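Heads up, entry-v3.cif below (mmCIF, C-alpha atoms):
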```
data_model
loop_
_atom_site.label_atom_id
_atom_site.label_comp_id
_atom_site.auth_asym_id
_atom_site.auth_seq_id
_atom_site.Cartn_x
_atom_site.Cartn_y
_atom_site.Cartn_z
CA MET A 1 2.39 32.94 -2.79
CA THR A 2 2.80 32.96 0.97
CA ALA A 3 3.46 29.85 2.99
CA ASP A 4 0.43 28.31 4.66
CA THR A 5 1.52 27.07 8.07
CA GLY A 6 -1.72 25.37 9.10
CA THR A 7 -0.19 24.41 12.40
CA GLU A 8 -0.72 24.71 16.09
CA PRO A 9 1.74 23.98 18.90
CA GLY A 10 2.24 20.31 19.54
CA PRO A 11 2.20 18.76 23.00
CA SER A 12 5.13 20.35 24.88
CA GLY A 13 6.52 21.42 21.55
CA GLY A 14 7.28 17.80 20.61
CA GLU A 15 6.09 15.57 17.82
CA SER A 16 2.42 14.89 17.30
CA LYS A 17 1.11 11.62 18.64
CA ASP A 18 0.32 8.64 16.43
CA ALA A 19 -3.40 8.89 17.07
CA GLY A 20 -5.86 11.70 17.42
CA SER A 21 -8.10 12.36 20.37
CA ASP A 22 -10.77 10.12 18.84
CA GLY A 23 -8.32 7.27 18.47
CA SER A 24 -8.00 7.63 14.70
CA PRO A 25 -4.48 7.56 13.22
CA ARG A 26 -2.93 10.85 12.26
CA PRO A 27 -1.86 11.22 8.64
CA VAL A 28 1.73 10.42 7.77
CA VAL A 29 3.93 13.49 7.68
CA GLY A 30 7.38 14.63 6.61
CA VAL A 31 10.14 15.53 9.02
CA PRO A 32 9.30 19.26 9.39
CA ALA A 33 5.57 18.62 9.88
CA SER A 34 6.25 15.88 12.45
CA LYS A 35 7.60 18.50 14.83
CA ARG A 36 4.26 20.23 15.27
CA ALA A 37 0.56 19.43 15.37
CA LEU A 38 -1.36 20.19 12.19
CA ARG A 39 -4.70 21.98 12.06
CA SER A 40 -7.31 20.92 9.52
CA GLN A 41 -6.02 23.38 6.91
CA GLY A 42 -2.49 22.11 7.38
CA ARG A 43 -3.63 18.52 6.91
CA LEU A 44 -5.47 19.52 3.72
CA THR A 45 -2.38 21.27 2.36
CA MET A 46 -0.20 18.27 3.13
CA ARG A 47 -2.73 15.96 1.47
CA LYS A 48 -2.66 18.15 -1.62
CA LEU A 49 1.14 17.89 -1.75
CA LEU A 50 1.05 14.10 -1.31
CA ASP A 51 -1.60 13.63 -4.01
CA SER A 52 0.24 15.93 -6.39
CA ALA A 53 3.48 14.05 -5.77
CA MET A 54 1.79 10.76 -6.65
CA LYS A 55 0.63 12.22 -9.98
CA VAL A 56 4.06 13.63 -10.79
CA LEU A 57 5.76 10.34 -9.89
CA ASP A 58 3.32 8.56 -12.18
CA GLU A 59 4.16 10.87 -15.08
CA ARG A 60 7.88 11.49 -14.58
CA GLY A 61 9.16 8.66 -12.39
CA TYR A 62 11.25 9.11 -9.28
CA HIS A 63 14.36 10.52 -10.95
CA GLY A 64 12.39 12.94 -13.11
CA THR A 65 10.28 14.31 -10.26
CA ARG A 66 11.29 17.71 -8.88
CA VAL A 67 9.96 19.66 -5.93
CA LYS A 68 8.99 22.39 -8.40
CA ASP A 69 6.73 19.95 -10.25
CA VAL A 70 4.89 19.06 -7.05
CA VAL A 71 4.60 22.70 -5.99
CA ASP A 72 3.26 23.76 -9.40
CA LEU A 73 0.70 20.98 -9.62
CA SER A 74 -0.54 21.53 -6.06
CA ASN A 75 -0.70 25.31 -6.64
CA THR A 76 1.30 25.97 -3.48
CA SER A 77 4.78 27.45 -2.98
CA HIS A 78 8.26 26.23 -2.19
CA GLY A 79 7.90 27.85 1.23
CA THR A 80 4.77 25.86 1.91
CA PHE A 81 6.38 22.63 0.67
CA TYR A 82 9.31 22.95 3.06
CA LEU A 83 6.97 23.46 6.01
CA TYR A 84 5.87 19.86 5.52
CA PHE A 85 8.75 18.01 3.82
CA SER A 86 12.52 18.40 3.94
CA ASN A 87 13.02 17.44 0.28
CA LYS A 88 11.78 15.09 -2.43
CA GLU A 89 13.14 12.06 -0.61
CA ASP A 90 11.26 12.98 2.56
CA LEU A 91 8.06 13.32 0.54
CA VAL A 92 8.50 9.89 -1.07
CA ARG A 93 9.20 8.35 2.35
CA ALA A 94 5.90 9.77 3.60
CA LEU A 95 4.04 8.32 0.62
CA THR A 96 5.73 4.97 1.14
CA LEU A 97 4.82 4.94 4.82
CA GLU A 98 1.22 5.70 3.91
CA ALA A 99 1.12 2.83 1.40
CA THR A 100 2.85 0.36 3.69
CA SER A 101 0.57 1.31 6.59
CA GLU A 102 -2.45 0.44 4.48
CA ALA A 103 -0.76 -2.78 3.43
CA SER A 104 -0.26 -3.65 7.10
CA SER A 105 -4.02 -3.43 7.54
CA LEU A 106 -4.35 -5.82 4.61
CA SER A 107 -2.04 -8.29 6.37
CA GLN A 108 -4.56 -8.38 9.22
CA ASP A 109 -7.36 -8.94 6.70
CA VAL A 110 -5.46 -11.95 5.36
CA VAL A 111 -6.12 -13.71 8.65
CA VAL A 112 -9.83 -12.89 8.58
CA GLU A 113 -10.74 -13.13 4.88
CA ALA A 114 -8.11 -15.13 3.02
CA GLY A 115 -7.52 -17.35 6.05
CA SER A 116 -11.21 -18.12 6.43
CA SER A 117 -11.31 -18.96 2.74
CA LEU A 118 -8.47 -21.43 2.93
CA ALA A 119 -9.83 -23.04 6.06
CA GLY A 120 -13.52 -23.04 5.15
CA GLY A 121 -13.52 -23.20 1.38
CA SER A 122 -15.00 -19.75 0.76
CA TRP A 123 -13.90 -18.46 -2.63
CA GLU A 124 -15.81 -15.22 -2.00
CA GLN A 125 -13.71 -14.27 1.03
CA LEU A 126 -10.47 -14.82 -0.86
CA ARG A 127 -11.86 -12.81 -3.76
CA SER A 128 -12.76 -9.96 -1.38
CA TRP A 129 -9.20 -9.79 -0.07
CA ILE A 130 -7.74 -9.84 -3.59
CA GLY A 131 -10.06 -6.97 -4.50
CA ASP A 132 -8.74 -4.96 -1.56
CA TYR A 133 -5.15 -5.69 -2.59
CA SER A 134 -5.91 -4.64 -6.16
CA SER A 135 -7.40 -1.35 -4.96
CA LEU A 136 -4.28 -0.69 -2.88
CA TRP A 137 -2.00 -1.46 -5.84
CA SER A 138 -3.97 0.82 -8.15
CA ARG A 139 -4.00 3.67 -5.62
CA TYR A 140 -0.23 3.56 -5.13
CA ALA A 141 0.77 2.26 -8.57
CA PRO A 142 3.68 4.71 -9.04
CA LEU A 143 5.25 3.34 -5.85
CA PHE A 144 4.43 -0.32 -6.45
CA ARG A 145 6.04 -0.14 -9.90
CA SER A 146 9.26 1.21 -8.39
CA TRP A 147 9.58 -0.60 -5.04
CA THR A 148 12.90 -2.25 -5.94
CA ASP A 149 14.52 0.92 -7.28
CA LEU A 150 13.23 3.06 -4.42
CA ALA A 151 14.44 0.53 -1.85
CA THR A 152 17.98 0.62 -3.22
CA MET A 153 18.04 4.43 -3.33
CA ASP A 154 16.66 5.10 0.14
CA GLU A 155 17.34 2.89 3.16
CA ALA A 156 14.24 4.08 5.03
CA VAL A 157 12.00 3.31 2.05
CA GLY A 158 13.68 -0.08 1.71
CA ASP A 159 13.02 -0.89 5.36
CA GLN A 160 9.38 0.15 5.11
CA THR A 161 8.88 -1.90 1.96
CA ARG A 162 10.51 -5.01 3.41
CA ARG A 163 8.35 -4.76 6.54
CA MET A 164 5.24 -4.51 4.38
CA VAL A 165 6.15 -7.53 2.25
CA THR A 166 7.16 -9.54 5.31
CA ALA A 167 3.92 -8.76 7.13
CA LEU A 168 1.79 -9.78 4.15
CA ASN A 169 3.85 -12.89 3.52
CA GLU A 170 3.82 -14.07 7.12
CA ALA A 171 0.08 -13.49 7.45
CA MET A 172 -0.69 -15.46 4.30
CA ALA A 173 1.82 -18.20 5.20
CA SER A 174 0.23 -18.68 8.62
CA GLN A 175 -3.13 -19.32 6.97
CA ILE A 176 -1.65 -21.71 4.43
CA THR A 177 -0.10 -23.63 7.32
CA ALA A 178 -3.45 -23.80 9.11
CA ALA A 179 -5.23 -24.95 5.95
CA HIS A 180 -2.58 -27.54 5.05
CA PRO A 181 -1.27 -29.09 8.28
CA GLY A 182 1.44 -31.53 7.31
CA GLY A 183 0.85 -30.75 3.64
CA ASP A 184 3.41 -30.74 0.84
CA LEU A 185 3.28 -26.97 0.28
CA ASP A 186 6.01 -24.82 1.79
CA PRO A 187 3.85 -22.07 3.37
CA GLU A 188 6.46 -19.31 3.07
CA VAL A 189 7.30 -20.08 -0.55
CA SER A 190 3.65 -20.53 -1.50
CA SER A 191 2.70 -17.24 0.08
CA MET A 192 5.54 -15.34 -1.60
CA ALA A 193 4.61 -16.87 -4.96
CA MET A 194 0.98 -15.77 -4.56
CA LEU A 195 1.94 -12.22 -3.60
CA ALA A 196 4.43 -12.03 -6.47
CA MET A 197 1.76 -13.17 -8.89
CA LEU A 198 -0.66 -10.50 -7.67
CA ASP A 199 1.95 -7.76 -7.91
CA ARG A 200 3.37 -8.66 -11.31
CA PHE A 201 -0.06 -9.35 -12.77
CA HIS A 202 -1.08 -5.76 -12.06
CA PHE A 203 2.22 -4.49 -13.48
CA MET A 204 1.94 -6.55 -16.67
CA ARG A 205 -1.71 -5.66 -17.30
CA GLU A 206 -0.82 -2.00 -16.99
CA LEU A 207 2.20 -2.46 -19.27
CA VAL A 208 0.09 -3.88 -22.11
CA GLY A 209 -2.80 -1.48 -21.52
CA ARG A 210 -5.33 -4.03 -20.29
CA PRO A 211 -7.60 -3.29 -17.33
CA VAL A 212 -7.54 -5.19 -14.06
CA ASP A 213 -11.31 -5.57 -14.08
CA GLU A 214 -13.69 -7.70 -12.06
CA ALA A 215 -13.37 -10.65 -14.42
CA ALA A 216 -9.57 -10.57 -14.14
CA LEU A 217 -9.75 -10.49 -10.34
CA ASP A 218 -12.24 -13.40 -10.39
CA THR A 219 -9.72 -15.43 -12.37
CA LEU A 220 -6.88 -14.53 -10.01
CA ALA A 221 -8.99 -15.59 -7.04
CA THR A 222 -9.81 -18.91 -8.67
CA ILE A 223 -6.16 -19.64 -9.51
CA MET A 224 -5.11 -18.94 -5.91
CA TYR A 225 -8.07 -20.85 -4.49
CA ARG A 226 -7.36 -23.97 -6.52
CA ALA A 227 -3.63 -23.81 -5.86
CA LEU A 228 -3.96 -23.38 -2.11
CA THR A 229 -6.96 -25.54 -1.25
CA GLY A 230 -5.73 -28.63 -3.09
CA PRO A 231 -7.17 -30.95 -5.73
CA ASP A 232 -9.82 -32.42 -3.43
CA ALA A 233 -11.37 -29.06 -2.55
CA THR A 234 -14.85 -28.19 -3.70
CA GLU A 235 -14.81 -26.00 -6.78
CA PRO A 236 -15.38 -22.31 -6.01
CA ALA A 237 -18.90 -20.99 -6.35
CA GLY A 238 -17.64 -17.70 -7.77
CA PRO A 239 -18.27 -16.25 -11.22
CA ALA A 240 -15.14 -17.85 -12.69
CA SER A 241 -16.65 -21.33 -12.30
CA THR A 242 -20.01 -20.53 -13.84
#
```
What's the structure tokens form of this structure?
Amino acid sequence: MTADTGTEPGPSGGESKDAGSDGSPRPVVGVPASKRALRSQGRLTMRKLLDSAMKVLDERGYHGTRVKDVVDLSNTSHGTFYLYFSNKEDLVRALTLEATSEASSLSQDVVVEAGSSLAGGSWEQLRSWIGDYSSLWSRYAPLFRSWTDLATMDEAVGDQTRRMVTALNEAMASQITAAHPGGDLDPEVSSMAMLAMLDRFHFMRELVGRPVDEAALDTLATIMYRALTGPDATEPAGPAST
């Protein structure tokens, strides 16, 4: 199988910009692909490699994943793979950057949705944010299960992961501070505890073969709502209280 370049010269032969001409972000790329602009076919090929890698990581884990596995599943070639990624580690870094970039968007949503909930007593807004977090976790489950191991094996992945966790934690903590001025909750500790509960809940449900369904997310939202709004808050009007 011949290698599919799917590329066009980048600006002055340098790296592609972070955003396209319409202002939309370009997809994350590996080191080789970052040195040139990708045409639509190139972006599709890279997406196929990233999606295949996620499936292989899910089945084999990081240590068991080989470039050959990704190439075979994506029905491409080694030549094509190395047009986009330097090696397996480069591919995993790209996946991690993609996941952490989406998580950064969630940290902004904390201010709008979770923050509004804590300040205004809206269980529904907190529940909406938890649903978005759950979707992110499910989409990148092979990475979320292995954050700690990946971070110790690859410094770049570790840095990306720490930035993601810090952004989420600081965003949530700022809203806890606003909702509890002078309160007895340590905002940073409270926020970290809530994020840890969300993460490990998904991990444990998967471990025992139980779904993270709408009812489970309703319960999570109610636990967080009651913990963060205090004993004098009005009970949530969500399904968990009916």
Got a sec to resolve the PyMOL selection byres ((chain A and resi 143-159) around 10) on this structure and send the residues as a VMD selection string?
chain A and resid 54 57 to 58 61 to 63 89 to 90 92 to 97 99 to 100 136 to 142 160 to 164 199 to 200 202 to 203
Taking the file as shown, what set of residues would the PyMOL selection byres ((chain A and resi 208-223) around 7) give back, as a ChimeraX atom specification?
/A:126-127,130-131,202,204-207,224-227,239-240
Apply the PyMOL selection byres ((chain A and resi 165-170) around 12) to the file shown and report the selected residues as a ChimeraX atom specification.
/A:99-111,114-115,129,133,144,147-148,158-164,171-177,187-196,199
Would you work out the distance separating atom CA of Asp51 of chain A from atom CA of Phe201 of chain A, expressed in Å to one decimal?
24.6 Å
For Ser52 of chain A, which of A:Leu38, A:Leu83, A:Leu91, A:Ala178 is the closest residue, counting only C-alpha atoms?
A:Leu91
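Across the structure, atom CA of Asp186 of chain A and atom CA of Leu198 of chain A are spaced 18.4 Å apart.
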